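Novice: Sending over upload_17.txt (compact mmCIF, C-alpha atoms).
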```txt
# COMPACT_ATOMS: atom_id res chain seq x y z
CA TYR Z 165 62.80 71.45 43.64
CA GLY Z 166 66.12 72.12 41.91
CA THR Z 167 65.02 75.58 40.81
CA PHE Z 168 66.92 78.85 41.22
CA ALA Z 169 66.33 82.60 41.02
CA THR Z 170 68.15 85.37 39.16
CA GLY Z 171 67.88 89.13 39.34
CA GLY Z 172 69.42 91.96 37.40
CA CYS Z 173 69.67 95.64 36.58
CA ASP Z 174 66.19 95.56 35.00
CA GLY Z 175 64.72 95.16 38.51
CA TYR Z 176 63.11 91.78 37.86
CA VAL Z 177 63.57 88.51 39.73
CA ASN Z 178 62.99 85.34 37.71
CA VAL Z 179 62.69 81.78 38.97
CA TRP Z 180 64.04 79.08 36.66
CA ASP Z 181 63.75 75.34 36.21
CA GLY Z 182 67.36 74.53 35.31
CA ASN Z 183 66.66 70.96 34.23
CA ASN Z 184 64.07 71.97 31.63
CA LYS Z 185 65.67 75.36 30.88
CA LYS Z 186 62.37 77.19 31.44
CA ARG Z 187 61.38 80.29 33.37
CA LEU Z 188 58.77 79.38 35.96
CA TYR Z 189 57.87 82.77 37.38
CA GLN Z 190 58.70 86.48 37.19
CA TYR Z 191 58.08 88.65 40.25
CA PRO Z 192 56.80 92.21 39.83
CA LYS Z 193 59.53 94.77 39.14
CA TYR Z 194 61.53 96.10 42.09
CA PRO Z 195 62.26 99.87 42.40
CA SER Z 196 65.82 99.56 41.10
CA SER Z 197 68.42 96.93 40.19
CA VAL Z 198 68.42 93.61 42.01
CA ALA Z 199 71.85 93.63 43.64
CA ALA Z 200 71.51 90.33 45.56
CA LEU Z 201 68.95 87.70 46.44
CA SER Z 202 68.76 84.56 48.55
CA PHE Z 203 66.23 81.92 49.54
CA SER Z 204 65.89 81.00 53.20
CA ARG Z 205 67.19 77.56 54.13
CA ASP Z 206 63.68 76.07 54.06
CA GLY Z 207 62.80 77.83 50.78
CA ARG Z 208 59.78 79.63 52.22
CA LEU Z 209 61.22 83.14 52.00
CA LEU Z 210 63.11 85.09 49.37
CA ALA Z 211 65.21 88.12 50.36
CA VAL Z 212 65.83 90.63 47.57
CA ALA Z 213 68.24 93.57 47.83
CA SER Z 214 67.21 96.40 45.51
CA SER Z 215 69.99 98.93 44.94
CA TYR Z 216 70.99 101.19 42.08
CA THR Z 217 74.19 99.70 40.69
CA PHE Z 218 75.29 102.75 38.67
CA GLU Z 219 74.87 100.99 35.32
CA GLU Z 220 73.75 104.36 33.90
CA GLY Z 221 76.26 106.47 35.85
CA GLU Z 222 75.49 108.93 38.62
CA LYS Z 223 71.82 109.96 38.60
CA PRO Z 224 68.93 110.31 41.07
CA HIS Z 225 67.62 106.89 42.11
CA GLU Z 226 65.40 105.09 44.60
CA PRO Z 227 66.92 104.42 48.04
CA ASP Z 228 68.46 101.01 48.68
CA ALA Z 229 66.00 98.53 50.20
CA ILE Z 230 65.72 94.90 51.25
CA PHE Z 231 62.48 93.07 50.58
CA VAL Z 232 61.57 89.73 52.16
CA ARG Z 233 58.70 87.93 50.52
CA SER Z 234 56.93 84.66 51.14
CA VAL Z 235 57.45 82.12 48.38
CA ASN Z 236 54.45 80.27 47.02
CA GLU Z 237 55.09 76.70 45.84
CA VAL Z 238 53.50 77.54 42.47
CA GLU Z 239 56.29 80.09 41.88
CA VAL Z 240 59.16 77.64 42.35
CA LYS Z 241 57.91 74.11 41.66
CA PRO Z 242 58.67 72.81 38.16
CA LYS Z 243 55.69 71.93 36.03
CA PRO Z 244 55.44 68.27 35.06
CA LYS Z 245 56.92 67.56 31.67
CA VAL Z 246 54.23 66.69 29.16
CA LEU Z 247 55.18 63.83 26.93
CA PRO Z 248 53.64 63.56 23.47
CA ASN Z 249 51.01 60.84 23.06
CA PRO Z 250 52.47 57.93 21.10
CA THR Z 251 50.49 57.03 18.02
CA THR Z 252 49.34 53.46 17.92
```
Would you mind writing the file's structure down as structure tokens?
Specialist:
Amino acid sequence: YGTFATGGCDGYVNVWDGNNKKRLYQYPKYPSSVAALSFSRDGRLLAVASSYTFEEGEKPHEPDAIFVRSVNEVEVKPKPKVLPNPTT
């Protein structure tokens, strides 16, 4: 669909429609920073690595974990662009 996902130290993964510059979906927060993520070749799965990245220095944190989730088409398919009705 031409969409992509980002993740960061806030623990959230967002899916974006790059053509329309819009966020399509935000997954629930992961236990710690999103260190890496990747879609499977067929786009049906999303692997998310959650790992404290020491952005706040040394402190107690959740253990590193890898989550694999099924991707629903609604989460990654761009919404049709709505064009304004022309006045006649």
Novice: So, with all atoms listed in the file as the atoms that count, which of Z:Gly207, Z:Gly172, Z:Asn184, Z:Gln190 lies closest to Z:Glu237?
Specialist: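 Using all atoms listed in the file, the shortest distance to Z:Glu237 belongs to Z:Gly207.
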Novice: Considering only C-alpha atoms, can you say which of Z:Arg208, Z:Ile230, Z:Phe203, Z:Tyr194 comes closest to Z:Phe168?
Specialist: Z:Phe203
Novice: One decimal, Å: what's the distance from atom CA of Z:Thr170 over to atom CA of Z:Val232, could you say?
Specialist: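 Distance between the two atoms: 15.2 Å.
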Novice: Using only C-alpha atoms, list the residues that have an atom at most 12 Å from (56.0, 69.0, 33.3), coordinates as in the file, as a ChimeraX atom specification.
Specialist: /Z:181,183-186,188,241-248
Novice: Report, in Å to a single decimal, how far apart atom CA of Z:Gly175 and atom CA of Z:Tyr191 are.
Specialist: 9.5 Å
Novice: Please work out which residues fall within 12 Å of (54.5, 87.8, 53.8), coordinates as given in the file, with all atoms listed in the file counting, and return them as a ChimeraX atom specification.
Specialist: /Z:208-211,231-236
Novice: So which one's closest to Z:Asp228, Z:Thr167, Z:Ser204, Z:Asn178, Z:Ser196? Using only C-alpha atoms, please.
Specialist: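 Distance minimum relative to Z:Asp228 lands on Z:Ser196.
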Novice: Go ahead and compute the interatomic distance for atom CA of Z:Asp206 and atom CA of Z:Tyr165, in Å to one decimal.
Specialist: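 Between atom CA of Z:Asp206 and atom CA of Z:Tyr165 the gap is 11.4 Å.
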Novice: Name all residues at most 7 Å from Z:Ala229 (count all atoms listed in the file; drop same-chain ones fewer than 3 positions away) and give them as a VMD selection string.
Specialist: chain Z and resid 213 to 215
Novice: Pick out the closest residue to Z:Val212 from this set: Z:Val238, Z:Gly182, Z:Tyr176, Z:Glu226. Count all atoms listed in the file.
Specialist: Z:Tyr176
Novice: When you count only C-alpha atoms, which of these residues is closest to Z:Pro192: Z:Trp180, Z:Lys223, Z:Gly171, Z:Phe218?
Specialist: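 Going through Z:Trp180, Z:Lys223, Z:Gly171, Z:Phe218 one by one, the smallest distance to Z:Pro192 is for Z:Gly171.
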Novice: For stretch 229-248 of chain Z, supply N, CA, C and O atoms and report the output as a compact mmCIF listing (two decimals), in the coordinates of the input.
Specialist:
```txt
# COMPACT_ATOMS: atom_id res chain seq x y z
N ALA Z 229 67.01 99.18 49.35
CA ALA Z 229 66.00 98.53 50.20
C ALA Z 229 66.17 97.02 50.15
O ALA Z 229 66.70 96.48 49.16
N ILE Z 230 65.75 96.36 51.21
CA ILE Z 230 65.72 94.90 51.25
C ILE Z 230 64.27 94.48 51.41
O ILE Z 230 63.56 94.98 52.28
N PHE Z 231 63.84 93.58 50.56
CA PHE Z 231 62.48 93.07 50.58
C PHE Z 231 62.54 91.58 50.93
O PHE Z 231 63.38 90.86 50.39
N VAL Z 232 61.68 91.15 51.83
CA VAL Z 232 61.57 89.73 52.16
C VAL Z 232 60.15 89.32 51.84
O VAL Z 232 59.19 89.89 52.36
N ARG Z 233 60.02 88.36 50.95
CA ARG Z 233 58.70 87.93 50.52
C ARG Z 233 58.50 86.45 50.77
O ARG Z 233 59.46 85.68 50.72
N SER Z 234 57.28 86.07 51.03
CA SER Z 234 56.93 84.66 51.14
C SER Z 234 56.95 84.06 49.74
O SER Z 234 56.58 84.71 48.77
N VAL Z 235 57.37 82.82 49.67
CA VAL Z 235 57.45 82.12 48.38
C VAL Z 235 56.30 81.11 48.32
O VAL Z 235 56.12 80.30 49.22
N ASN Z 236 55.54 81.19 47.26
CA ASN Z 236 54.45 80.27 47.02
C ASN Z 236 54.99 79.09 46.20
O ASN Z 236 55.77 79.30 45.27
N GLU Z 237 54.59 77.89 46.54
CA GLU Z 237 55.09 76.70 45.84
C GLU Z 237 54.89 76.79 44.33
O GLU Z 237 55.72 76.35 43.55
N VAL Z 238 53.79 77.40 43.90
CA VAL Z 238 53.50 77.54 42.47
C VAL Z 238 54.58 78.34 41.75
O VAL Z 238 54.83 78.15 40.57
N GLU Z 239 55.26 79.24 42.48
CA GLU Z 239 56.29 80.09 41.88
C GLU Z 239 57.61 79.36 41.65
O GLU Z 239 58.41 79.79 40.81
N VAL Z 240 57.84 78.29 42.39
CA VAL Z 240 59.16 77.64 42.35
C VAL Z 240 59.15 76.16 42.00
O VAL Z 240 60.20 75.57 41.77
N LYS Z 241 57.99 75.55 41.95
CA LYS Z 241 57.91 74.11 41.66
C LYS Z 241 57.83 73.89 40.16
O LYS Z 241 56.95 74.46 39.49
N PRO Z 242 58.72 73.06 39.60
CA PRO Z 242 58.67 72.81 38.16
C PRO Z 242 57.34 72.17 37.76
O PRO Z 242 56.74 71.41 38.52
N LYS Z 243 56.90 72.53 36.56
CA LYS Z 243 55.69 71.93 36.03
C LYS Z 243 56.04 70.55 35.47
O LYS Z 243 57.13 70.36 34.95
N PRO Z 244 55.13 69.59 35.60
CA PRO Z 244 55.44 68.27 35.06
C PRO Z 244 55.66 68.33 33.55
O PRO Z 244 54.98 69.08 32.85
N LYS Z 245 56.62 67.58 33.10
CA LYS Z 245 56.92 67.56 31.67
C LYS Z 245 55.84 66.77 30.96
O LYS Z 245 55.49 65.66 31.36
N VAL Z 246 55.28 67.36 29.92
CA VAL Z 246 54.23 66.69 29.16
C VAL Z 246 54.87 65.94 28.01
O VAL Z 246 55.57 66.53 27.18
N LEU Z 247 54.63 64.66 27.99
CA LEU Z 247 55.18 63.83 26.93
C LEU Z 247 54.15 63.70 25.81
O LEU Z 247 52.95 63.60 26.08
N PRO Z 248 54.60 63.70 24.56
CA PRO Z 248 53.64 63.56 23.47
C PRO Z 248 52.99 62.18 23.52
O PRO Z 248 53.59 61.20 23.94
```
